[in-house]
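K.L.:
What follows is the file my_file.pdb, containing PDB, C-alpha atoms, pLDDT in the B column:
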```pdb
ATOM      1  CA  MET A   3      -8.696  67.393 -15.161  1.00 58.00           C
ATOM      2  CA  ASP A   4      -7.897  64.149 -13.366  1.00 84.00           C
ATOM      3  CA  GLN A   5      -4.176  64.531 -14.012  1.00 87.00           C
ATOM      4  CA  GLU A   6      -4.239  68.049 -12.551  1.00 91.00           C
ATOM      5  CA  LYS A   7      -6.030  66.828  -9.439  1.00 90.00           C
ATOM      6  CA  TYR A   8      -3.632  63.896  -9.140  1.00 90.00           C
ATOM      7  CA  ASN A   9      -0.636  66.238  -9.333  1.00 92.00           C
ATOM      8  CA  ARG A  10      -2.160  68.618  -6.763  1.00 94.00           C
ATOM      9  CA  LEU A  11      -2.751  65.717  -4.388  1.00 93.00           C
ATOM     10  CA  LEU A  12       0.838  64.555  -4.804  1.00 93.00           C
ATOM     11  CA  GLU A  13       2.068  68.065  -4.035  1.00 95.00           C
ATOM     12  CA  LYS A  14      -0.156  68.303  -0.940  1.00 96.00           C
ATOM     13  CA  ARG A  15       1.033  64.888   0.215  1.00 96.00           C
ATOM     14  CA  ALA A  16       4.676  65.926  -0.105  1.00 96.00           C
ATOM     15  CA  GLU A  17       3.940  69.175   1.734  1.00 96.00           C
ATOM     16  CA  TYR A  18       2.259  67.419   4.650  1.00 96.00           C
ATOM     17  CA  GLU A  19       4.906  64.703   4.810  1.00 97.00           C
ATOM     18  CA  ALA A  20       7.503  67.439   5.252  1.00 96.00           C
ATOM     19  CA  LYS A  21       5.409  69.038   8.001  1.00 95.00           C
ATOM     20  CA  LEU A  22       5.000  65.653   9.678  1.00 94.00           C
ATOM     21  CA  LYS A  23       8.736  64.979   9.613  1.00 95.00           C
ATOM     22  CA  LYS A  24       9.375  68.411  11.111  1.00 93.00           C
ATOM     23  CA  ALA A  25       6.795  67.772  13.852  1.00 91.00           C
ATOM     24  CA  TYR A  26       8.483  64.481  14.778  1.00 91.00           C
ATOM     25  CA  VAL A  27      11.872  66.143  15.323  1.00 91.00           C
ATOM     26  CA  GLY A  28      12.517  66.053  19.053  1.00 85.00           C
ATOM     27  CA  PHE A  29       9.097  64.567  19.841  1.00 86.00           C
ATOM     28  CA  ARG A  30       9.407  61.899  22.522  1.00 86.00           C
ATOM     29  CA  GLY A  31       5.775  61.213  23.216  1.00 84.00           C
ATOM     30  CA  VAL A  32       3.273  62.777  25.577  1.00 87.00           C
ATOM     31  CA  SER A  33       4.402  63.085  29.154  1.00 84.00           C
ATOM     32  CA  HIS A  34       1.940  63.397  32.003  1.00 84.00           C
ATOM     33  CA  GLU A  35       0.013  66.696  31.975  1.00 85.00           C
ATOM     34  CA  ASN A  36       2.189  68.334  29.337  1.00 86.00           C
ATOM     35  CA  ALA A  37      -0.097  70.542  27.274  1.00 90.00           C
ATOM     36  CA  ALA A  38       2.539  71.409  24.678  1.00 88.00           C
ATOM     37  CA  ALA A  39       3.296  67.737  24.029  1.00 88.00           C
ATOM     38  CA  GLU A  40      -0.413  66.940  23.790  1.00 91.00           C
ATOM     39  CA  LEU A  41      -0.914  69.697  21.206  1.00 91.00           C
ATOM     40  CA  ARG A  42       2.074  68.504  19.228  1.00 92.00           C
ATOM     41  CA  TYR A  43       0.757  64.928  19.333  1.00 92.00           C
ATOM     42  CA  SER A  44      -2.647  66.123  18.116  1.00 95.00           C
ATOM     43  CA  GLN A  45      -1.013  67.995  15.248  1.00 95.00           C
ATOM     44  CA  ILE A  46       1.005  64.897  14.317  1.00 94.00           C
ATOM     45  CA  LYS A  47      -2.172  62.800  14.228  1.00 96.00           C
ATOM     46  CA  VAL A  48      -3.906  65.392  12.026  1.00 96.00           C
ATOM     47  CA  TYR A  49      -0.991  65.299   9.562  1.00 96.00           C
ATOM     48  CA  GLU A  50      -0.990  61.477   9.562  1.00 96.00           C
ATOM     49  CA  ASP A  51      -4.741  61.320   8.948  1.00 97.00           C
ATOM     50  CA  PHE A  52      -4.536  63.927   6.197  1.00 97.00           C
ATOM     51  CA  ILE A  53      -1.807  61.938   4.451  1.00 97.00           C
ATOM     52  CA  ALA A  54      -3.867  58.758   4.821  1.00 97.00           C
ATOM     53  CA  SER A  55      -6.913  60.438   3.255  1.00 96.00           C
ATOM     54  CA  ILE A  56      -4.806  61.710   0.359  1.00 95.00           C
ATOM     55  CA  ASP A  57      -3.406  58.196  -0.117  1.00 95.00           C
ATOM     56  CA  SER A  58      -6.885  56.693  -0.233  1.00 95.00           C
ATOM     57  CA  GLU A  59      -8.030  59.322  -2.732  1.00 93.00           C
ATOM     58  CA  LEU A  60      -4.970  58.669  -4.904  1.00 91.00           C
ATOM     59  CA  LYS A  61      -5.701  54.947  -4.718  1.00 92.00           C
ATOM     60  CA  GLU A  62      -9.291  55.538  -5.820  1.00 89.00           C
ATOM     61  CA  MET A  63      -8.110  57.679  -8.719  1.00 84.00           C
ATOM     62  CA  GLY A  64      -5.782  54.878  -9.772  1.00 79.00           C
ATOM     63  CA  LYS A  65      -8.711  52.449  -9.992  1.00 64.00           C
ATOM     64  CA  LYS A  66     -10.626  54.639 -12.434  1.00 54.00           C
TER
END
```
Could I get this structure in the form of structure tokens?

P.N.:
Amino acid sequence: MDQEKYNRLLEKRAEYEAKLKKAYVGFRGVSHENAAAELRYSQIKVYEDFIASIDSELKEMGKK
């Protein structure tokens, strides 16, 4: 059970890392009053936070 969950988390992490890399392509930050850039930045932060939460869960599983 734990090994299955660990493998699923690794797969999800790889999936979201790929999405994050794709989101960073051509991203130069948020310019003033640019809604598209703000949405892209928000999406990048969501991907980063999701990866961080997966990392913390993987770390916790490693301590067990």

K.L.:
Report, in Å with one decimal, the straight-line distance from CA of Ala20 in chain A to CA of Tyr49 in chain A.

P.N.:
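If I compute the distance from CA of Ala20 in chain A to CA of Tyr49 in chain A, I get 9.8 Å.
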
K.L.:
Using all atoms listed in the file, can you tell me which of A:Ala38, A:Ala54, A:Ser44, A:Phe29 comes closest to Lys14 in chain A?

P.N.:
A:Ala54

K.L.:
When the PyMOL selection byres ((chain A and resi 45) around 12) is applied to the structure above, which residues does it catch, written out as a PyMOL selection string?

P.N.:
chain A and resi 18+21-26+29+38-44+46-52

K.L.:
What is the distance, in Å and to one decimal place, between CA of Val32 in chain A and CA of Ile56 in chain A?

P.N.:
26.5 Å

K.L.:
Applying 10 Å and all atoms listed in the file, which residues near range 58-62 of chain A remain after dropping the ones on its own chain fewer than 4 positions away? List them as JSON, numbers by chain.

P.N.:
{"A": [7, 8, 9, 11, 12, 52, 53, 54, 66]}

K.L.:
May I ask for the distance between CA of Glu13 in chain A and CA of Gly64 in chain A, given in Å to one decimal place?

P.N.:
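Value for the CA of Glu13 in chain A-CA of Gly64 in chain A distance: 16.4 Å.
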
K.L.:
Emit as JSON the padded axis-aligned box for all listed atoms of range 4-10 of chain A, 3 Å per side, with centre and edge lengths in Å to one decimal.

P.N.:
```
{"center_x": -4.3, "center_y": 66.3, "center_z": -10.4, "size_x": 13.3, "size_y": 10.7, "size_z": 13.2}
```
